[in-house]
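Notes follow the structure.
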Amino acid sequence: MERMIDWMRSHEQKMLIWANRRRTETRLHAMVDRWFSTVTHMGGATFTLLASLLCALLAPQPWGTAGWQSLLAVIISHIPVAIVKRKFKRLRPYQAIEGVYTVPKPLQDSSFPSGHTTAVFAWSVPLLLTGTPLSYLLLPVMLIIAFSVGWSRMHLGLHYPSDVAAGAIIGTATAFAVQYFWIVPAIS
């Protein structure tokens, strides 16, 4: 079992280092770096909560309901994140691996799981579950955003791949649970 865990850690670190590398020789690499440095904020609490609330208050149905579901999913999803972060005090990659690039003033709390990835998946899944023609058109855009936020967390040296995967699972599971248990009052 110990050999398997060592193998997983080794491969996870290799994937992190690959995602974290910086190549600025071309404009494309500079644009990719800029994209990840920008899109990562779409997984933050400010964006996900505000976007959900605006959708809930201003969008027509079924988007208004999806906005409320997104808001609730983002809020609820951070309960297990907070608990797990306190229980598993995992150093962030830039703290544990020499030479990992990170942002100025990086986060200092536990790495596992990724809160940004959790939030972006909890926010986007209810919007994609509306079942409208527009939701099918938005699917590729939302997936690109969600997966970009997850990848950006590794690119910025703030999370390991397993942190990102756990965040995506928690956010998606919470969104599906909110959708499943959502009670729509009967209009008489």
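Labels used: A, B, ... for chains in the order of the structure tokens, numbers from 1 for residues in each chain, and numbers from 1 for ligands as shown.
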List the spatial neighbours of Leu107 in chain A as a list in words - criterion: any atom at most 9 Å away, only C-alpha atoms, same-chain residues fewer than 3 positions off excluded.
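The neighbour list is Arg92, Ser110, Ser111 and Leu158 of chain A.
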Give me a file of those residues, with all heavy atoms, as a JSON list (two decimals), in the first residue's frame.
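The file below, selection17.json, is the result:
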[["chain", "number", "residue", "atom", "x", "y", "z"],
["A", 92, "ARG", "N", 0.75, 23.61, 0.70],
["A", 92, "ARG", "CA", 0.52, 23.92, -0.71],
["A", 92, "ARG", "C", 1.79, 23.57, -1.50],
["A", 92, "ARG", "O", 2.88, 23.56, -0.94],
["A", 92, "ARG", "CB", 0.15, 25.40, -0.86],
["A", 92, "ARG", "CG", -1.23, 25.66, -0.27],
["A", 92, "ARG", "CD", -1.67, 27.09, -0.49],
["A", 92, "ARG", "NE", -2.99, 27.29, 0.05],
["A", 92, "ARG", "CZ", -4.13, 27.14, -0.64],
["A", 92, "ARG", "NH1", -4.08, 26.79, -1.90],
["A", 92, "ARG", "NH2", -5.29, 27.35, -0.07],
["A", 110, "SER", "N", -4.56, 25.35, 4.28],
["A", 110, "SER", "CA", -4.34, 24.01, 3.77],
["A", 110, "SER", "C", -4.70, 23.90, 2.29],
["A", 110, "SER", "O", -5.63, 24.54, 1.81],
["A", 110, "SER", "CB", -5.18, 23.01, 4.58],
["A", 110, "SER", "OG", -5.02, 21.72, 4.08],
["A", 111, "SER", "N", -3.98, 23.06, 1.60],
["A", 111, "SER", "CA", -4.15, 22.89, 0.16],
["A", 111, "SER", "C", -5.35, 22.02, -0.21],
["A", 111, "SER", "O", -5.98, 22.24, -1.24],
["A", 111, "SER", "CB", -2.87, 22.25, -0.38],
["A", 111, "SER", "OG", -2.98, 21.92, -1.73],
["A", 158, "LEU", "N", -0.75, 26.56, -6.35],
["A", 158, "LEU", "CA", -1.53, 26.62, -5.13],
["A", 158, "LEU", "C", -2.17, 25.28, -4.75],
["A", 158, "LEU", "O", -2.56, 25.10, -3.60],
["A", 158, "LEU", "CB", -2.63, 27.68, -5.26],
["A", 158, "LEU", "CG", -2.10, 29.10, -5.49],
["A", 158, "LEU", "CD1", -3.23, 30.04, -5.85],
["A", 158, "LEU", "CD2", -1.34, 29.59, -4.26]]
Residues within 12 Å of Gly43 in chain A, only C-alpha atoms, excluding chain neighbours under 3 positions, as a PyMOL selection string:
chain A and resi 36-40+46-51+74+114-124+142+145-153+164+167-168+171
Dump of N, CA, C and O atoms for the selected residues, as a short mmCIF file (atom, residue, chain, number, x, y, z; two decimals), in the first residue's frame:
data_model
loop_
_atom_site.label_atom_id
_atom_site.label_comp_id
_atom_site.auth_asym_id
_atom_site.auth_seq_id
_atom_site.Cartn_x
_atom_site.Cartn_y
_atom_site.Cartn_z
N PHE A 36 -4.88 31.83 -17.30
CA PHE A 36 -4.97 31.13 -16.02
C PHE A 36 -4.91 32.09 -14.83
O PHE A 36 -5.58 31.87 -13.83
N SER A 37 -4.13 33.16 -14.96
CA SER A 37 -4.05 34.13 -13.88
C SER A 37 -5.35 34.91 -13.72
O SER A 37 -5.64 35.41 -12.64
N THR A 38 -6.14 35.00 -14.79
CA THR A 38 -7.41 35.71 -14.75
C THR A 38 -8.56 34.79 -14.40
O THR A 38 -9.38 35.09 -13.52
N VAL A 39 -8.67 33.64 -15.08
CA VAL A 39 -9.83 32.75 -14.91
C VAL A 39 -9.88 32.16 -13.51
O VAL A 39 -10.97 31.81 -13.04
N THR A 40 -8.77 32.09 -12.81
CA THR A 40 -8.76 31.52 -11.47
C THR A 40 -9.72 32.25 -10.55
O THR A 40 -10.32 31.66 -9.65
N THR A 46 -16.31 35.67 -4.30
CA THR A 46 -16.95 36.89 -4.80
C THR A 46 -17.65 36.64 -6.12
O THR A 46 -18.83 36.96 -6.28
N PHE A 47 -16.95 36.04 -7.08
CA PHE A 47 -17.56 35.82 -8.39
C PHE A 47 -18.70 34.82 -8.32
O PHE A 47 -19.79 35.08 -8.82
N THR A 48 -18.48 33.66 -7.71
CA THR A 48 -19.50 32.60 -7.75
C THR A 48 -20.76 33.01 -6.98
O THR A 48 -21.87 32.76 -7.45
N LEU A 49 -20.59 33.63 -5.83
CA LEU A 49 -21.77 34.05 -5.05
C LEU A 49 -22.51 35.19 -5.74
O LEU A 49 -23.74 35.18 -5.83
N LEU A 50 -21.77 36.18 -6.23
CA LEU A 50 -22.40 37.32 -6.90
C LEU A 50 -23.08 36.91 -8.20
O LEU A 50 -24.21 37.32 -8.48
N ALA A 51 -22.41 36.09 -9.01
CA ALA A 51 -23.00 35.65 -10.27
C ALA A 51 -24.27 34.83 -10.02
O ALA A 51 -25.27 34.97 -10.72
N VAL A 74 -23.01 26.58 -3.80
CA VAL A 74 -21.71 27.18 -3.47
C VAL A 74 -21.57 27.30 -1.95
O VAL A 74 -20.53 26.96 -1.38
N SER A 114 -9.34 21.95 -3.10
CA SER A 114 -9.34 23.27 -3.72
C SER A 114 -10.72 23.92 -3.58
O SER A 114 -11.70 23.46 -4.15
N GLY A 115 -10.79 25.01 -2.83
CA GLY A 115 -12.04 25.74 -2.65
C GLY A 115 -12.51 26.42 -3.92
O GLY A 115 -13.71 26.48 -4.20
N HIS A 116 -11.57 26.96 -4.70
CA HIS A 116 -11.93 27.61 -5.96
C HIS A 116 -12.56 26.62 -6.94
O HIS A 116 -13.56 26.92 -7.58
N THR A 117 -11.97 25.43 -7.03
CA THR A 117 -12.51 24.41 -7.93
C THR A 117 -13.88 23.95 -7.43
O THR A 117 -14.82 23.78 -8.22
N THR A 118 -14.00 23.77 -6.13
CA THR A 118 -15.29 23.40 -5.55
C THR A 118 -16.35 24.43 -5.93
O THR A 118 -17.44 24.08 -6.39
N ALA A 119 -16.03 25.70 -5.74
CA ALA A 119 -17.00 26.77 -5.98
C ALA A 119 -17.41 26.85 -7.45
O ALA A 119 -18.60 27.00 -7.76
N VAL A 120 -16.46 26.75 -8.37
CA VAL A 120 -16.81 26.90 -9.78
C VAL A 120 -17.67 25.73 -10.26
O VAL A 120 -18.58 25.93 -11.08
N PHE A 121 -17.43 24.53 -9.75
CA PHE A 121 -18.28 23.40 -10.13
C PHE A 121 -19.65 23.50 -9.47
O PHE A 121 -20.66 23.22 -10.10
N ALA A 122 -19.70 23.92 -8.21
CA ALA A 122 -20.99 24.09 -7.52
C ALA A 122 -21.81 25.18 -8.20
O ALA A 122 -23.04 25.09 -8.26
N TRP A 123 -21.16 26.19 -8.73
CA TRP A 123 -21.82 27.29 -9.41
C TRP A 123 -22.31 26.89 -10.81
O TRP A 123 -23.43 27.18 -11.19
N SER A 124 -21.48 26.19 -11.56
CA SER A 124 -21.80 25.94 -12.96
C SER A 124 -22.76 24.76 -13.18
O SER A 124 -23.57 24.81 -14.11
N MET A 142 -18.97 26.59 -20.25
CA MET A 142 -18.92 26.36 -18.80
C MET A 142 -17.89 25.30 -18.44
O MET A 142 -17.20 25.42 -17.41
N ILE A 145 -14.48 26.90 -18.66
CA ILE A 145 -14.25 27.76 -17.49
C ILE A 145 -13.95 26.91 -16.25
O ILE A 145 -12.97 27.15 -15.55
N ALA A 146 -14.80 25.91 -15.98
CA ALA A 146 -14.62 25.09 -14.78
C ALA A 146 -13.28 24.36 -14.78
O ALA A 146 -12.54 24.39 -13.79
N PHE A 147 -12.95 23.73 -15.91
CA PHE A 147 -11.68 23.01 -15.97
C PHE A 147 -10.48 23.96 -16.00
O PHE A 147 -9.42 23.63 -15.46
N SER A 148 -10.65 25.14 -16.57
CA SER A 148 -9.58 26.14 -16.55
C SER A 148 -9.30 26.63 -15.14
O SER A 148 -8.15 26.85 -14.76
N VAL A 149 -10.36 26.84 -14.35
CA VAL A 149 -10.16 27.25 -12.95
C VAL A 149 -9.38 26.16 -12.22
O VAL A 149 -8.41 26.44 -11.52
N GLY A 150 -9.79 24.90 -12.40
CA GLY A 150 -9.08 23.80 -11.76
C GLY A 150 -7.61 23.75 -12.17
O GLY A 150 -6.72 23.65 -11.33
N TRP A 151 -7.36 23.84 -13.47
CA TRP A 151 -5.97 23.79 -13.96
C TRP A 151 -5.18 25.00 -13.49
O TRP A 151 -4.00 24.89 -13.16
N SER A 152 -5.85 26.16 -13.42
CA SER A 152 -5.16 27.38 -12.99
C SER A 152 -4.63 27.25 -11.56
O SER A 152 -3.60 27.83 -11.22
N ARG A 153 -5.33 26.49 -10.73
CA ARG A 153 -4.88 26.34 -9.35
C ARG A 153 -3.55 25.59 -9.29
O ARG A 153 -2.71 25.86 -8.44
N VAL A 164 -7.53 19.51 -6.69
CA VAL A 164 -8.45 19.98 -7.73
C VAL A 164 -9.53 18.93 -7.99
O VAL A 164 -10.72 19.27 -8.08
N GLY A 167 -11.99 18.91 -5.18
CA GLY A 167 -12.85 20.09 -5.26
C GLY A 167 -13.92 19.93 -6.31
O GLY A 167 -15.09 20.27 -6.09
N ALA A 168 -13.55 19.39 -7.48
CA ALA A 168 -14.54 19.18 -8.55
C ALA A 168 -15.60 18.19 -8.12
O ALA A 168 -16.80 18.38 -8.39
N GLY A 171 -17.87 19.93 -5.35
CA GLY A 171 -18.74 20.94 -5.96
C GLY A 171 -19.84 20.32 -6.80
O GLY A 171 -21.01 20.72 -6.71
#
Could you pull out the residues in range 39-92 of chain A that DSSP calls helix (DSSP H, G or I) from the backbone, as an MDAnalysis selection string?
chainID A and resid 39:43 45:58 63:87
Under the rule that only C-alpha atoms are counted, which of A:Pro113, A:Pro161, A:Gly67, A:Pro60 is the nearest residue to Lys87 in chain A?
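Residue with the minimum atom-to-atom distance to Lys87 in chain A: A:Pro113.
Pairwise distance (CA of Ala59 in chain A, CA of Ile79 in chain A) equals 27.2 Å.
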Rounded to one decimal, what separation in Å do you get between CA of Tyr101 in chain A and CA of Gly157 in chain A?
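These two atoms are separated by 5.7 Å.
If you measure from each of A:Gln95, A:Thr26, A:Ser10, A:Thr132 to Asp109 in chain A using only C-alpha atoms, the closest one turns out to be A:Gln95.
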Any idea what's packed within 8 Å of Leu72 in chain A, counting only C-alpha atoms, ignoring anything in its chain fewer than 4 positions away? Could you give it as a PyMOL selection string?
chain A and resi 68+76+178
Could you turn the residues from that selection into a file that holds all heavy atoms, as a short mmCIF file (atom, residue, chain, number, x, y, z; two decimals), in the first residue's frame?
data_model
loop_
_atom_site.label_atom_id
_atom_site.label_comp_id
_atom_site.auth_asym_id
_atom_site.auth_seq_id
_atom_site.Cartn_x
_atom_site.Cartn_y
_atom_site.Cartn_z
N TRP A 68 -30.60 30.39 -7.84
CA TRP A 68 -30.76 30.08 -6.42
C TRP A 68 -30.10 28.76 -6.06
O TRP A 68 -29.46 28.62 -5.00
CB TRP A 68 -32.25 30.03 -6.03
CG TRP A 68 -32.90 31.38 -6.03
CD1 TRP A 68 -33.90 31.81 -6.84
CD2 TRP A 68 -32.58 32.49 -5.17
NE1 TRP A 68 -34.23 33.12 -6.55
CE2 TRP A 68 -33.43 33.56 -5.53
CE3 TRP A 68 -31.65 32.70 -4.15
CZ2 TRP A 68 -33.39 34.80 -4.90
CZ3 TRP A 68 -31.60 33.95 -3.52
CH2 TRP A 68 -32.47 34.97 -3.89
N ILE A 76 -23.26 25.63 0.52
CA ILE A 76 -23.21 24.32 1.18
C ILE A 76 -21.90 23.59 0.89
O ILE A 76 -21.34 22.95 1.78
CB ILE A 76 -24.42 23.45 0.75
CG1 ILE A 76 -25.71 24.04 1.33
CG2 ILE A 76 -24.24 22.00 1.20
CD1 ILE A 76 -26.97 23.38 0.80
N VAL A 178 -28.29 19.51 -4.28
CA VAL A 178 -29.20 20.66 -4.21
C VAL A 178 -30.30 20.51 -5.27
O VAL A 178 -31.48 20.72 -4.98
CB VAL A 178 -28.43 21.99 -4.38
CG1 VAL A 178 -29.37 23.15 -4.65
CG2 VAL A 178 -27.58 22.27 -3.15
#
What does the distance between CA of Cys55 in chain A and CA of Thr130 in chain A come to in Å, to one decimal place?
12.7 Å
Under the rule that only C-alpha atoms are counted, which of A:Met8, A:Val103, A:Leu91, A:Val125 is the nearest residue to Thr174 in chain A?
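Of A:Met8, A:Val103, A:Leu91, A:Val125, the one nearest Thr174 in chain A, counting only C-alpha atoms, is A:Val125.
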